[in-house]
Amino acid sequence: MKPDLKVPVSVSVKPVEEIRRWGKFGRDVIGIKLQGRFDVPARLTFRFRDEEGMEALSRWAEARNIAFTRKSFVRWI
């Protein structure tokens, strides 16, 4: 990850219900589902440039007891 890369959205851990991974052929998209929401908000979807980020997110979710699942979600509306 580039040091000058800025992330426009921050989310507190408390309302995160689940982290979803969806895609094929190494082009997986990540979606963060908040508690009380039916689906993933479009502003909380993103893609990692490499597998390192995916592994780090998986470890982060596991340490906080947040489900990390392979499940579909809508990315646009």
# chains A, B, ... in the order shown; residues from 1 in each chain; ligands from 1
call {"tool": "residues_around", "arguments": {"residues": "Glu18 in chain A", "least_positions_apart": "6", "cutoff": "8 Å", "atoms": "only C-alpha atoms", "output": "list of chain:residue names"}}
result
A:Ile32, A:Lys33, A:Leu34, A:Ile66, A:Ala67, A:Phe68, A:Thr69
call {"tool": "write_last_selection", "arguments": {"atoms": "N, CA, C and O atoms", "output": "compact mmCIF listing (two decimals), in the first residue's frame"}}
result
# COMPACT_ATOMS: atom_id res chain seq x y z
N ILE A 32 -18.32 -4.33 3.81
CA ILE A 32 -18.49 -4.32 5.27
C ILE A 32 -19.97 -4.11 5.57
O ILE A 32 -20.54 -3.07 5.24
N LYS A 33 -20.58 -5.13 6.18
CA LYS A 33 -22.00 -5.09 6.53
C LYS A 33 -22.13 -4.62 7.97
O LYS A 33 -21.52 -5.18 8.87
N LEU A 34 -22.92 -3.59 8.16
CA LEU A 34 -23.13 -3.04 9.50
C LEU A 34 -24.32 -3.70 10.18
O LEU A 34 -25.23 -4.21 9.51
N ILE A 66 -15.36 -10.91 14.31
CA ILE A 66 -16.26 -10.46 13.24
C ILE A 66 -16.22 -11.52 12.14
O ILE A 66 -15.14 -11.95 11.72
N ALA A 67 -17.40 -11.96 11.70
CA ALA A 67 -17.48 -12.99 10.66
C ALA A 67 -16.85 -12.49 9.37
O ALA A 67 -17.12 -11.36 8.94
N PHE A 68 -16.03 -13.31 8.73
CA PHE A 68 -15.41 -13.01 7.45
C PHE A 68 -15.86 -14.10 6.50
O PHE A 68 -15.36 -15.22 6.54
N THR A 69 -16.86 -13.81 5.67
CA THR A 69 -17.51 -14.84 4.86
C THR A 69 -17.39 -14.56 3.36
O THR A 69 -17.18 -13.42 2.95
call {"tool": "residues_around", "arguments": {"residues": "Thr45 in chain A", "least_positions_apart": "4", "cutoff": "8 Å", "atoms": "only C-alpha atoms", "output": "PyMOL selection string"}}
result
chain A and resi 29-32+40-41+75
call {"tool": "atom_distance", "arguments": {"atom1": "CA of Gln35 in chain A", "atom2": "CA of Arg47 in chain A"}}
result
21.5 Å
call {"tool": "closest_residue", "arguments": {"among": "A:Pro15, A:Asp39, A:Arg49, A:Leu44", "to": "Arg27 in chain A", "atoms": "only C-alpha atoms"}}
result
A:Arg49
call {"tool": "atom_distance", "arguments": {"atom1": "CA of Arg37 in chain A", "atom2": "CA of Glu17 in chain A"}}
result
9.0 Å
